[in-house]
$ cat target12.cif   # mmCIF, C-alpha atoms and all ligand atoms
data_run
loop_
_atom_site.group_PDB
_atom_site.id
_atom_site.type_symbol
_atom_site.label_atom_id
_atom_site.label_comp_id
_atom_site.auth_asym_id
_atom_site.auth_seq_id
_atom_site.Cartn_x
_atom_site.Cartn_y
_atom_site.Cartn_z
ATOM 1 C CA MET A 17 -39.389 3.246 -7.475
ATOM 2 C CA ARG A 18 -35.610 2.919 -7.437
ATOM 3 C CA SER A 19 -33.884 2.320 -10.737
ATOM 4 C CA GLU A 20 -31.647 -0.702 -11.216
ATOM 5 C CA ALA A 21 -28.625 1.594 -11.629
ATOM 6 C CA ALA A 22 -29.321 3.182 -8.246
ATOM 7 C CA VAL A 23 -29.489 -0.253 -6.615
ATOM 8 C CA VAL A 24 -26.197 -1.256 -8.264
ATOM 9 C CA LEU A 25 -24.521 1.969 -7.105
ATOM 10 C CA LYS A 26 -25.905 1.500 -3.599
ATOM 11 C CA ASP A 27 -23.880 -1.707 -3.250
ATOM 12 C CA TRP A 28 -20.888 -0.426 -5.176
ATOM 13 C CA ARG A 29 -17.599 -0.945 -3.308
ATOM 14 C CA ALA A 30 -13.947 -0.396 -4.123
ATOM 15 C CA ASP A 31 -11.022 -1.586 -1.995
ATOM 16 C CA LEU A 32 -8.085 0.665 -2.886
ATOM 17 C CA HIS A 33 -5.389 -0.818 -0.653
ATOM 18 C CA CYS A 34 -4.086 -4.375 -0.908
ATOM 19 C CA HIS A 35 -0.832 -6.223 -1.498
ATOM 20 C CA SER A 36 0.032 -9.094 -3.832
ATOM 21 C CA THR A 37 2.907 -11.565 -4.191
ATOM 22 C CA CYS A 38 4.682 -8.807 -6.178
ATOM 23 C CA SER A 39 5.529 -7.318 -2.754
ATOM 24 C CA ASP A 40 4.784 -8.884 0.637
ATOM 25 C CA GLY A 41 1.277 -10.301 0.107
ATOM 26 C CA THR A 42 0.628 -14.028 -0.254
ATOM 27 C CA VAL A 43 -2.055 -13.814 -2.982
ATOM 28 C CA SER A 44 -1.125 -13.292 -6.653
ATOM 29 C CA PRO A 45 -2.472 -10.257 -8.564
ATOM 30 C CA LEU A 46 -4.716 -12.519 -10.654
ATOM 31 C CA GLN A 47 -6.085 -14.228 -7.536
ATOM 32 C CA LEU A 48 -6.685 -10.795 -5.966
ATOM 33 C CA VAL A 49 -8.900 -9.805 -8.891
ATOM 34 C CA GLU A 50 -10.775 -13.114 -8.640
ATOM 35 C CA LEU A 51 -11.125 -12.818 -4.864
ATOM 36 C CA GLY A 52 -12.315 -9.215 -5.205
ATOM 37 C CA HIS A 53 -14.939 -10.315 -7.722
ATOM 38 C CA ALA A 54 -16.056 -13.214 -5.493
ATOM 39 C CA LEU A 55 -16.431 -10.795 -2.583
ATOM 40 C CA GLY A 56 -18.621 -8.483 -4.653
ATOM 41 C CA LEU A 57 -16.130 -5.646 -5.166
ATOM 42 C CA GLN A 58 -16.593 -3.474 -8.243
ATOM 43 C CA GLY A 59 -13.421 -1.453 -7.862
ATOM 44 C CA LEU A 60 -9.916 -2.520 -6.826
ATOM 45 C CA SER A 61 -6.423 -1.115 -6.622
ATOM 46 C CA ILE A 62 -3.437 -3.380 -5.965
ATOM 47 C CA THR A 63 -1.041 -1.158 -4.030
ATOM 48 C CA ASP A 64 2.144 -3.145 -3.632
ATOM 49 C CA HIS A 65 5.038 -1.699 -1.674
ATOM 50 C CA ASP A 66 7.269 0.225 -4.100
ATOM 51 C CA THR A 67 6.364 -1.790 -7.230
ATOM 52 C CA ILE A 68 3.702 -1.770 -9.928
ATOM 53 C CA ALA A 69 4.615 -5.234 -11.266
ATOM 54 C CA ALA A 70 1.039 -6.413 -10.547
ATOM 55 C CA TYR A 71 -0.259 -4.415 -13.529
ATOM 56 C CA SER A 72 0.280 -6.901 -16.365
ATOM 57 C CA SER A 73 -2.048 -7.035 -19.359
ATOM 58 C CA GLU A 74 -3.198 -10.484 -18.143
ATOM 59 C CA VAL A 75 -4.395 -8.985 -14.833
ATOM 60 C CA GLU A 76 -5.975 -5.965 -16.525
ATOM 61 C CA GLU A 77 -7.866 -8.253 -18.926
ATOM 62 C CA ALA A 78 -9.030 -10.505 -16.064
ATOM 63 C CA ALA A 79 -10.375 -7.438 -14.224
ATOM 64 C CA GLN A 80 -12.225 -6.322 -17.339
ATOM 65 C CA ARG A 81 -13.739 -9.796 -17.807
ATOM 66 C CA GLN A 82 -14.920 -9.864 -14.177
ATOM 67 C CA GLY A 83 -16.378 -6.346 -14.421
ATOM 68 C CA ILE A 84 -13.892 -4.922 -11.908
ATOM 69 C CA GLN A 85 -12.597 -1.389 -12.360
ATOM 70 C CA LEU A 86 -8.878 -1.894 -11.692
ATOM 71 C CA LEU A 87 -7.284 1.425 -10.723
ATOM 72 C CA PRO A 88 -3.467 1.527 -11.047
ATOM 73 C CA GLY A 89 -1.914 2.016 -7.624
ATOM 74 C CA VAL A 90 1.236 1.664 -5.531
ATOM 75 C CA GLU A 91 2.261 2.236 -1.891
ATOM 76 C CA PHE A 92 5.576 4.034 -1.614
ATOM 77 C CA SER A 93 7.654 3.904 1.562
ATOM 78 C CA ALA A 94 8.850 7.424 2.311
ATOM 79 C CA GLU A 95 10.606 9.286 5.085
ATOM 80 C CA TYR A 96 9.794 12.622 6.725
ATOM 81 C CA LYS A 97 11.913 14.005 9.597
ATOM 82 C CA GLY A 98 12.788 10.479 10.723
ATOM 83 C CA HIS A 99 9.187 9.224 10.497
ATOM 84 C CA SER A 100 8.277 6.363 8.178
ATOM 85 C CA ILE A 101 5.395 7.583 5.993
ATOM 86 C CA HIS A 102 3.506 5.498 3.425
ATOM 87 C CA ILE A 103 2.180 7.296 0.345
ATOM 88 C CA LEU A 104 -0.370 5.740 -1.967
ATOM 89 C CA GLY A 105 -0.037 6.717 -5.621
ATOM 90 C CA TYR A 106 -3.062 6.235 -7.893
ATOM 91 C CA SER A 107 -4.394 6.880 -11.396
ATOM 92 C CA PHE A 108 -1.072 6.891 -13.320
ATOM 93 C CA LEU A 109 -0.488 4.772 -16.410
ATOM 94 C CA PRO A 110 1.440 1.624 -15.397
ATOM 95 C CA LYS A 111 3.749 2.039 -18.391
ATOM 96 C CA ASN A 112 4.788 5.528 -17.228
ATOM 97 C CA SER A 113 8.592 5.705 -17.219
ATOM 98 C CA VAL A 114 8.835 8.145 -14.277
ATOM 99 C CA ILE A 115 7.040 5.757 -11.943
ATOM 100 C CA LEU A 116 8.874 2.713 -13.338
ATOM 101 C CA ASN A 117 12.265 4.382 -12.748
ATOM 102 C CA PHE A 118 11.317 5.273 -9.182
ATOM 103 C CA CYS A 119 10.241 1.653 -8.558
ATOM 104 C CA ARG A 120 13.661 0.522 -9.859
ATOM 105 C CA ARG A 121 15.412 2.834 -7.378
ATOM 106 C CA HIS A 122 13.240 1.395 -4.582
ATOM 107 C CA ALA A 123 14.116 -2.171 -5.657
ATOM 108 C CA LEU A 124 17.819 -1.375 -5.255
ATOM 109 C CA ARG A 125 17.200 0.326 -1.891
ATOM 110 C CA ARG A 126 15.212 -2.667 -0.635
ATOM 111 C CA TYR A 127 17.865 -5.115 -1.818
ATOM 112 C CA GLN A 128 20.618 -3.206 -0.006
ATOM 113 C CA ARG A 129 18.514 -2.907 3.145
ATOM 114 C CA ALA A 130 17.652 -6.635 3.132
ATOM 115 C CA MET A 131 21.329 -7.543 2.772
ATOM 116 C CA ALA A 132 22.190 -5.240 5.707
ATOM 117 C CA ILE A 133 19.467 -6.858 7.864
ATOM 118 C CA LEU A 134 20.741 -10.330 6.893
ATOM 119 C CA SER A 135 24.284 -9.432 7.911
ATOM 120 C CA ARG A 136 23.026 -8.106 11.274
ATOM 121 C CA LEU A 137 21.160 -11.367 11.803
ATOM 122 C CA LYS A 138 24.305 -13.292 10.873
ATOM 123 C CA MET A 139 26.220 -11.433 13.578
ATOM 124 C CA LEU A 140 23.524 -12.678 15.978
ATOM 125 C CA GLY A 141 24.230 -16.234 14.806
ATOM 126 C CA ILE A 142 21.206 -16.487 12.481
ATOM 127 C CA SER A 143 22.053 -17.297 8.844
ATOM 128 C CA ILE A 144 19.100 -17.042 6.492
ATOM 129 C CA GLU A 145 19.505 -18.977 3.237
ATOM 130 C CA ARG A 146 19.174 -16.560 0.316
ATOM 131 C CA GLU A 147 16.765 -19.033 -1.352
ATOM 132 C CA LEU A 148 14.211 -18.478 1.424
ATOM 133 C CA LEU A 149 13.728 -14.889 0.220
ATOM 134 C CA PRO A 150 12.334 -13.496 -3.032
ATOM 135 C CA LYS A 151 14.829 -12.396 -5.686
ATOM 136 C CA GLU A 152 13.874 -8.741 -5.342
ATOM 137 C CA LEU A 153 11.425 -6.456 -3.557
ATOM 138 C CA ILE A 154 12.325 -8.064 -0.244
ATOM 139 C CA GLY A 155 10.228 -6.774 2.612
ATOM 140 C CA ARG A 156 10.593 -7.363 6.312
ATOM 141 C CA PRO A 157 7.591 -9.758 6.318
ATOM 142 C CA HIS A 158 9.587 -12.027 3.940
ATOM 143 C CA ILE A 159 12.470 -12.076 6.414
ATOM 144 C CA ALA A 160 9.969 -12.675 9.248
ATOM 145 C CA LEU A 161 8.531 -15.662 7.354
ATOM 146 C CA ALA A 162 12.032 -17.067 6.792
ATOM 147 C CA LEU A 163 12.784 -16.739 10.516
ATOM 148 C CA MET A 164 9.552 -18.621 11.213
ATOM 149 C CA GLU A 165 10.378 -21.334 8.710
ATOM 150 C CA MET A 166 13.784 -21.775 10.355
ATOM 151 C CA GLY A 167 12.121 -22.115 13.762
ATOM 152 C CA VAL A 168 13.905 -19.029 15.148
ATOM 153 C CA VAL A 169 10.561 -17.441 16.039
ATOM 154 C CA SER A 170 7.062 -18.851 16.297
ATOM 155 C CA SER A 171 5.172 -15.978 14.682
ATOM 156 C CA ILE A 172 5.607 -12.974 12.394
ATOM 157 C CA ALA A 173 4.688 -10.687 15.287
ATOM 158 C CA GLU A 174 7.517 -12.225 17.333
ATOM 159 C CA ALA A 175 9.976 -11.744 14.440
ATOM 160 C CA PHE A 176 9.100 -8.026 14.353
ATOM 161 C CA LYS A 177 9.167 -7.696 18.127
ATOM 162 C CA ILE A 178 12.570 -9.318 18.664
ATOM 163 C CA TYR A 179 14.415 -8.623 15.409
ATOM 164 C CA LEU A 180 12.806 -6.533 12.676
ATOM 165 C CA GLY A 181 10.574 -3.887 14.241
ATOM 166 C CA LYS A 182 11.679 -0.571 15.715
ATOM 167 C CA GLY A 183 14.053 -1.286 18.593
ATOM 168 C CA GLY A 184 14.545 -4.893 17.403
ATOM 169 C CA LYS A 185 18.014 -6.496 17.333
ATOM 170 C CA ALA A 186 18.304 -6.312 13.531
ATOM 171 C CA TYR A 187 16.288 -3.113 13.031
ATOM 172 C CA LEU A 188 17.596 -0.514 10.601
ATOM 173 C CA GLU A 189 16.529 3.104 10.773
ATOM 174 C CA THR A 190 14.289 4.191 7.898
ATOM 175 C CA ASP A 191 16.385 4.920 4.810
ATOM 176 C CA SER A 192 13.779 5.631 2.142
ATOM 177 C CA PHE A 193 13.255 8.575 -0.217
ATOM 178 C CA SER A 194 11.722 11.741 1.159
ATOM 179 C CA VAL A 195 7.990 12.462 1.191
ATOM 180 C CA GLU A 196 8.642 15.575 -0.926
ATOM 181 C CA GLU A 197 10.496 13.631 -3.626
ATOM 182 C CA THR A 198 7.852 10.888 -3.632
ATOM 183 C CA LEU A 199 5.083 13.471 -4.143
ATOM 184 C CA GLU A 200 7.051 15.008 -7.013
ATOM 185 C CA VAL A 201 7.477 11.622 -8.678
ATOM 186 C CA ILE A 202 3.788 10.687 -8.367
ATOM 187 C CA HIS A 203 2.748 14.048 -9.801
ATOM 188 C CA ALA A 204 5.363 13.939 -12.585
ATOM 189 C CA ALA A 205 3.899 10.540 -13.513
ATOM 190 C CA GLY A 206 0.449 12.168 -13.722
ATOM 191 C CA GLY A 207 -0.816 10.364 -10.634
ATOM 192 C CA LEU A 208 -2.601 11.328 -7.420
ATOM 193 C CA ALA A 209 -0.853 11.129 -4.036
ATOM 194 C CA VAL A 210 -2.682 9.980 -0.907
ATOM 195 C CA LEU A 211 -1.436 9.881 2.697
ATOM 196 C CA ALA A 212 -1.855 6.236 3.762
ATOM 197 C CA HIS A 213 -3.170 5.116 7.188
ATOM 198 C CA PRO A 214 -2.660 8.546 8.844
ATOM 199 C CA HIS A 215 -3.528 7.122 12.290
ATOM 200 C CA LEU A 216 -0.144 5.343 12.268
ATOM 201 C CA VAL A 217 1.591 8.735 12.300
ATOM 202 C CA LYS A 218 1.311 9.347 16.007
ATOM 203 C CA ASN A 219 2.725 12.881 15.993
ATOM 204 C CA ARG A 220 0.022 15.525 15.426
ATOM 205 C CA LYS A 221 2.511 18.212 14.384
ATOM 206 C CA ILE A 222 3.969 15.925 11.723
ATOM 207 C CA ILE A 223 0.442 15.295 10.387
ATOM 208 C CA GLU A 224 -0.158 19.058 10.174
ATOM 209 C CA GLU A 225 3.107 19.495 8.283
ATOM 210 C CA LEU A 226 2.350 16.591 5.946
ATOM 211 C CA VAL A 227 -1.091 17.809 4.923
ATOM 212 C CA ALA A 228 0.449 21.196 4.098
ATOM 213 C CA LEU A 229 2.477 19.378 1.399
ATOM 214 C CA PRO A 230 0.887 18.799 -2.030
ATOM 215 C CA PHE A 231 -1.089 15.649 -1.188
ATOM 216 C CA ASP A 232 -4.270 15.014 -3.209
ATOM 217 C CA GLY A 233 -5.972 12.833 -0.637
ATOM 218 C CA ILE A 234 -6.052 11.086 2.716
ATOM 219 C CA GLU A 235 -6.859 7.431 3.366
ATOM 220 C CA GLY A 236 -9.937 7.896 5.523
ATOM 221 C CA TYR A 237 -11.199 4.309 5.642
ATOM 222 C CA TYR A 238 -8.652 1.733 6.664
ATOM 223 C CA GLY A 239 -8.419 -1.920 7.627
ATOM 224 C CA ARG A 240 -10.445 -2.865 10.662
ATOM 225 C CA PHE A 241 -10.659 0.684 11.910
ATOM 226 C CA PRO A 242 -13.657 1.162 14.215
ATOM 227 C CA LEU A 243 -15.792 3.487 12.084
ATOM 228 C CA TYR A 244 -15.988 6.333 14.601
ATOM 229 C CA SER A 245 -12.185 6.580 14.867
ATOM 230 C CA ASN A 246 -11.790 7.745 11.275
ATOM 231 C CA ARG A 247 -14.003 10.812 11.730
ATOM 232 C CA PRO A 248 -11.069 13.160 12.415
ATOM 233 C CA TRP A 249 -9.431 12.029 9.166
ATOM 234 C CA LEU A 250 -12.593 12.544 7.137
ATOM 235 C CA ALA A 251 -12.987 15.997 8.718
ATOM 236 C CA LEU A 252 -9.349 16.888 8.025
ATOM 237 C CA ALA A 253 -9.674 15.828 4.365
ATOM 238 C CA GLU A 254 -12.837 17.860 3.963
ATOM 239 C CA LYS A 255 -11.277 20.916 5.623
ATOM 240 C CA LYS A 256 -8.297 20.744 3.264
ATOM 241 C CA GLY A 257 -10.395 19.900 0.184
ATOM 242 C CA LEU A 258 -8.646 16.553 -0.224
ATOM 243 C CA LEU A 259 -9.943 13.308 -1.730
ATOM 244 C CA ILE A 260 -10.902 10.525 0.684
ATOM 245 C CA THR A 261 -9.822 6.989 -0.183
ATOM 246 C CA GLY A 262 -9.970 3.691 1.657
ATOM 247 C CA GLY A 263 -9.019 0.062 1.659
ATOM 248 C CA SER A 264 -8.288 -3.020 3.726
ATOM 249 C CA ASP A 265 -4.462 -3.269 3.458
ATOM 250 C CA PHE A 266 -5.045 -6.955 2.732
ATOM 251 C CA HIS A 267 -1.812 -9.029 2.715
ATOM 252 C CA GLY A 268 -3.183 -12.593 2.742
ATOM 253 C CA GLU A 269 -1.734 -15.045 5.251
ATOM 254 C CA VAL A 270 1.027 -12.788 6.600
ATOM 255 C CA LYS A 271 -1.626 -10.471 8.060
ATOM 256 C CA PRO A 272 -4.763 -12.609 8.434
ATOM 257 C CA GLU A 273 -6.601 -9.970 10.473
ATOM 258 C CA SER A 274 -7.053 -7.753 7.373
ATOM 259 C CA VAL A 275 -9.667 -9.221 5.035
ATOM 260 C CA LEU A 276 -10.033 -8.021 1.431
ATOM 261 C CA GLY A 277 -13.023 -5.678 1.155
ATOM 262 C CA SER A 278 -13.207 -5.149 4.925
ATOM 263 C CA SER A 279 -12.681 -1.447 4.267
ATOM 264 C CA TRP A 280 -13.853 0.267 1.105
ATOM 265 C CA ILE A 281 -15.111 3.436 -0.568
ATOM 266 C CA ASP A 282 -18.270 4.018 -2.538
ATOM 267 C CA PHE A 283 -18.663 5.070 -6.162
ATOM 268 C CA ALA A 284 -18.799 8.802 -5.391
ATOM 269 C CA ARG A 285 -15.403 8.687 -3.657
ATOM 270 C CA PHE A 286 -13.913 6.389 -6.317
ATOM 271 C CA SER A 287 -15.073 8.409 -9.353
ATOM 272 C CA PRO A 288 -12.567 11.305 -9.229
ATOM 273 C CA LEU A 289 -9.655 8.834 -9.088
ATOM 274 C CA TRP A 290 -11.067 6.707 -11.895
ATOM 275 C CA GLU A 291 -11.810 9.731 -14.076
ATOM 276 C CA HIS A 292 -8.279 11.049 -13.540
ATOM 277 C CA TYR A 293 -6.993 7.687 -14.808
ATOM 278 C CA GLN A 294 -9.449 7.447 -17.705
ATOM 279 C CA LYS A 295 -8.417 10.862 -19.027
ATOM 280 C CA LYS A 296 -4.946 9.411 -19.605
ATOM 281 C CA GLU A 297 -6.232 6.317 -21.346
ATOM 282 C CA LEU A 298 -7.827 8.410 -24.100
HETATM 283 P P1 LIG A 301 8.922 -3.041 4.931
HETATM 284 O O1 LIG A 301 8.131 -2.374 3.844
HETATM 285 O O2 LIG A 301 9.875 -4.051 4.404
HETATM 286 O O3 LIG A 301 9.557 -2.047 5.875
HETATM 287 O O4 LIG A 301 7.863 -3.875 5.797
HETATM 288 C C1 LIG A 301 6.677 -3.247 6.176
HETATM 289 C C2 LIG A 301 5.586 -4.276 6.282
HETATM 290 O O5 LIG A 301 5.789 -4.995 7.478
HETATM 291 C C3 LIG A 301 4.186 -3.664 6.354
HETATM 292 O O6 LIG A 301 3.399 -4.176 5.306
HETATM 293 C C4 LIG A 301 3.588 -4.130 7.648
HETATM 294 O O7 LIG A 301 2.320 -4.692 7.443
HETATM 295 C C5 LIG A 301 4.538 -5.198 8.146
HETATM 296 N N1 LIG A 301 4.746 -5.011 9.575
HETATM 297 C C6 LIG A 301 5.275 -3.926 10.192
HETATM 298 N N2 LIG A 301 5.323 -4.119 11.529
HETATM 299 C C7 LIG A 301 4.815 -5.355 11.766
HETATM 300 C C8 LIG A 301 4.570 -6.142 12.945
HETATM 301 N N3 LIG A 301 4.890 -5.688 14.156
HETATM 302 N N4 LIG A 301 4.017 -7.362 12.792
HETATM 303 C C9 LIG A 301 3.709 -7.821 11.563
HETATM 304 N N5 LIG A 301 3.893 -7.145 10.411
HETATM 305 C C10 LIG A 301 4.444 -5.921 10.513
HETATM 306 ZN ZN ZN A 302 3.107 -4.874 3.477
HETATM 307 FE FE FE A 303 1.403 0.901 4.702
HETATM 308 FE FE FE A 304 -0.197 -1.414 2.796
#

$ encode --input "target12.cif" --output "structure tokens"
Amino acid sequence: MRSEAAVVLKDWRADLHCHSTCSDGTVSPLQLVELGHALGLQGLSITDHDTIAAYSSEVEEAAQRQGIQLLPGVEFSAEYKGHSIHILGYSFLPKNSVILNFCRRHALRRYQRAMAILSRLKMLGISIERELLPKELIGRPHIALALMEMGVVSSIAEAFKIYLGKGGKAYLETDSFSVEETLEVIHAAGGLAVLAHPHLVKNRKIIEELVALPFDGIEGYYGRFPLYSNRPWLALAEKKGLLITGGSDFHGEVKPESVLGSSWIDFARFSPLWEHYQKKEL
């Protein structure tokens, strides 16, 4: 006979990759916790782009009330040899000053980049009202939404294709901090660093070079990945002795194809990250 605990663990799921209104998602951190609970998730990490503003005591208390293990997380935009690389940081304390300072530097970088994109658009005859964008942490999806609202494009995909994506008329080459520096920051903050959605890095040699850097894990379950296609990533993580994480990359309405909880990890994969975090809480 199976014990109740075994049954609970059998259905245990954590989604460790989603975005809130603190970056370019359309669902608030509090709503994310509620949605996660409604969908039957037991573990969650809100991994906003370059900010940990989602981790307020109100959100942490809501997660506790709903029985959700909320793992501190963030998704840093980084750069390696001209490639845009996303690095997930987990298991740090949200009050850690090293991570907070790095987020502040990213906020300034994003502000400057957004202003540069806006001036390129202006040269193309498109003036976006400042009020259509958030005060800080401006991401390209915010600019895409503004372009849609103004009737310049009819979809976010079109905004990226014509203006904001690589090769677009208002595209700016990646200008973020290096992968090496980002890894140093995450580790100095006591966190764990995970290579996000490795399948988006199309260059095999770059992948080889990246996994030789001090990463702690690889995101092996992602979005609506067909299950078989992640096998190489699981094998690579196992070969290198790295943790395997996973999540949906849920953004709400700006990316309706990614549903919260559509990709997840089980308790065994979640435990090392949670324990790393819990050791700091003591
Ligand atoms: P940023 O961090 O400001 O460079 O914007 C990156 C975000 O834009 C990511 O969250 C992606 O989901 C989104 N994104 C990138 N390319 C596209 C695209 N072609 N269509 C829609 N969203 C995109
Ligand atoms: Zn995003
Ligand atoms: Fe990403
Ligand atoms: Fe993401």

$ residues_near_ligand --input "target12.cif" --ligand "ligand LIG 301 (chain A)" --cutoff "6 Å" --atoms "only C-alpha atoms and all ligand atoms" --output "MDAnalysis selection string"
chainID A and resid 155:157 172:173 176 181

$ atom_distance --input "target12.cif" --atom1 "atom CA of Ser73 of chain A" --atom2 "atom CA of Ser36 of chain A"
15.8 Å

$ residues_near_ligand --input "target12.cif" --ligand "ligand ZN 302 (chain A)" --cutoff "12 Å" --atoms "all atoms listed in the file" --output "compact mmCIF listing (two decimals) with C-alpha atoms, in the frame of the given file"
# COMPACT_ATOMS: atom_id res chain seq x y z
CA HIS A 33 -5.39 -0.82 -0.65
CA CYS A 34 -4.09 -4.38 -0.91
CA HIS A 35 -0.83 -6.22 -1.50
CA SER A 36 0.03 -9.09 -3.83
CA THR A 37 2.91 -11.56 -4.19
CA CYS A 38 4.68 -8.81 -6.18
CA SER A 39 5.53 -7.32 -2.75
CA ASP A 40 4.78 -8.88 0.64
CA GLY A 41 1.28 -10.30 0.11
CA THR A 42 0.63 -14.03 -0.25
CA ILE A 62 -3.44 -3.38 -5.96
CA THR A 63 -1.04 -1.16 -4.03
CA ASP A 64 2.14 -3.14 -3.63
CA HIS A 65 5.04 -1.70 -1.67
CA ASP A 66 7.27 0.22 -4.10
CA THR A 67 6.36 -1.79 -7.23
CA VAL A 90 1.24 1.66 -5.53
CA GLU A 91 2.26 2.24 -1.89
CA PHE A 92 5.58 4.03 -1.61
CA SER A 93 7.65 3.90 1.56
CA HIS A 102 3.51 5.50 3.42
CA LEU A 153 11.42 -6.46 -3.56
CA ILE A 154 12.32 -8.06 -0.24
CA GLY A 155 10.23 -6.77 2.61
CA ARG A 156 10.59 -7.36 6.31
CA PRO A 157 7.59 -9.76 6.32
CA HIS A 158 9.59 -12.03 3.94
CA ALA A 160 9.97 -12.68 9.25
CA SER A 264 -8.29 -3.02 3.73
CA ASP A 265 -4.46 -3.27 3.46
CA PHE A 266 -5.04 -6.96 2.73
CA HIS A 267 -1.81 -9.03 2.72
CA GLY A 268 -3.18 -12.59 2.74
CA GLU A 269 -1.73 -15.04 5.25
CA VAL A 270 1.03 -12.79 6.60
CA LYS A 271 -1.63 -10.47 8.06
CA SER A 274 -7.05 -7.75 7.37

$ atom_distance --input "target12.cif" --atom1 "atom CA of Glu200 of chain A" --atom2 "atom CA of Lys97 of chain A"
17.3 Å

$ closest_residue --input "target12.cif" --among "A:Leu259, A:Gly184, A:Pro45, A:Arg129" --to "Glu76 of chain A" --atoms "only C-alpha atoms"
A:Pro45

$ resolve_selection --input "target12.cif" --expression "the PyMOL selection byres (((chain A and resi 256) around 12) and not hetatm)" --output "short mmCIF file (atom, residue, chain, number, x, y, z; two decimals) with C-alpha atoms, in the coordinates of the input"
data_model
loop_
_atom_site.label_atom_id
_atom_site.label_comp_id
_atom_site.auth_asym_id
_atom_site.auth_seq_id
_atom_site.Cartn_x
_atom_site.Cartn_y
_atom_site.Cartn_z
CA GLU A 224 -0.16 19.06 10.17
CA LEU A 226 2.35 16.59 5.95
CA VAL A 227 -1.09 17.81 4.92
CA ALA A 228 0.45 21.20 4.10
CA LEU A 229 2.48 19.38 1.40
CA PRO A 230 0.89 18.80 -2.03
CA PHE A 231 -1.09 15.65 -1.19
CA ASP A 232 -4.27 15.01 -3.21
CA GLY A 233 -5.97 12.83 -0.64
CA ILE A 234 -6.05 11.09 2.72
CA TRP A 249 -9.43 12.03 9.17
CA LEU A 250 -12.59 12.54 7.14
CA ALA A 251 -12.99 16.00 8.72
CA LEU A 252 -9.35 16.89 8.02
CA ALA A 253 -9.67 15.83 4.36
CA GLU A 254 -12.84 17.86 3.96
CA LYS A 255 -11.28 20.92 5.62
CA GLY A 257 -10.40 19.90 0.18
CA LEU A 258 -8.65 16.55 -0.22
CA LEU A 259 -9.94 13.31 -1.73
CA ILE A 260 -10.90 10.52 0.68
#

$ residues_near_point --input "target12.cif" --point "(11.6, -15.2, 10.0)" --cutoff "12 Å" --atoms "all atoms listed in the file" --output "PyMOL selection string"
chain A and resi 133-134+137+142-145+148-149+155-180+186+270

$ resolve_selection --input "target12.cif" --expression "the PyMOL selection byres (((chain A and resi 112) around 12) and not hetatm)" --output "list in words"
Ile68, Tyr71, Pro88, Ser107, Phe108, Leu109, Pro110, Lys111, Ser113, Val114, Ile115, Leu116, Asn117, Phe118, Cys119, Val201, Ile202, His203, Ala204, Ala205, Gly206, Gly207, Lys296 and Glu297 of chain A

$ write_last_selection --input "target12.cif" --atoms "C-alpha atoms" --output "PDB file, keeping the file's coordinate frame"
ATOM      1  CA  ILE A  68       3.702  -1.770  -9.928  1.00  0.00           C
ATOM      2  CA  TYR A  71      -0.259  -4.415 -13.529  1.00  0.00           C
ATOM      3  CA  PRO A  88      -3.467   1.527 -11.047  1.00  0.00           C
ATOM      4  CA  SER A 107      -4.394   6.880 -11.396  1.00  0.00           C
ATOM      5  CA  PHE A 108      -1.072   6.891 -13.320  1.00  0.00           C
ATOM      6  CA  LEU A 109      -0.488   4.772 -16.410  1.00  0.00           C
ATOM      7  CA  PRO A 110       1.440   1.624 -15.397  1.00  0.00           C
ATOM      8  CA  LYS A 111       3.749   2.039 -18.391  1.00  0.00           C
ATOM      9  CA  SER A 113       8.592   5.705 -17.219  1.00  0.00           C
ATOM     10  CA  VAL A 114       8.835   8.145 -14.277  1.00  0.00           C
ATOM     11  CA  ILE A 115       7.040   5.757 -11.943  1.00  0.00           C
ATOM     12  CA  LEU A 116       8.874   2.713 -13.338  1.00  0.00           C
ATOM     13  CA  ASN A 117      12.265   4.382 -12.748  1.00  0.00           C
ATOM     14  CA  PHE A 118      11.317   5.273  -9.182  1.00  0.00           C
ATOM     15  CA  CYS A 119      10.241   1.653  -8.558  1.00  0.00           C
ATOM     16  CA  VAL A 201       7.477  11.622  -8.678  1.00  0.00           C
ATOM     17  CA  ILE A 202       3.788  10.687  -8.367  1.00  0.00           C
ATOM     18  CA  HIS A 203       2.748  14.048  -9.801  1.00  0.00           C
ATOM     19  CA  ALA A 204       5.363  13.939 -12.585  1.00  0.00           C
ATOM     20  CA  ALA A 205       3.899  10.540 -13.513  1.00  0.00           C
ATOM     21  CA  GLY A 206       0.449  12.168 -13.722  1.00  0.00           C
ATOM     22  CA  GLY A 207      -0.816  10.364 -10.634  1.00  0.00           C
ATOM     23  CA  LYS A 296      -4.946   9.411 -19.605  1.00  0.00           C
ATOM     24  CA  GLU A 297      -6.232   6.317 -21.346  1.00  0.00           C
TER      25      GLU A 297
END

$ atom_distance --input "target12.cif" --atom1 "atom CA of Leu46 of chain A" --atom2 "atom CA of Val75 of chain A"
5.5 Å

$ axis_aligned_box --input "target12.cif" --around "segment 283-291 of chain A" --padding-each-side "5 Å" --output "lines of an AutoDock Vina configuration file"
center_x = -14.2
center_y = 8.2
center_z = -8.9
size_x = 19.1
size_y = 16.2
size_z = 20.4

$ residues_around --input "target12.cif" --residues "His213 of chain A" --least-positions-apart "4" --cutoff "10 Å" --atoms "all atoms listed in the file" --output "list in words"
Ile101, His102, Ile103, Leu104, Val217, Ile234, Glu235, Gly236, Tyr237, Tyr238, Gly239, Phe241, Asn246, Trp249, Gly262, Gly263 and Asp265 of chain A

$ closest_residue --input "target12.cif" --among "A:Ser100, A:Thr261, A:Thr190, A:Gln294" --to "ligand FE 303 (chain A)" --atoms "all atoms listed in the file"
A:Ser100

$ resolve_selection --input "target12.cif" --expression "the PyMOL selection byres (((chain A and resi 52-55) around 8) and not hetatm)" --output "ChimeraX atom specification"
/A:48-51,56-58,60,82-84,276-277
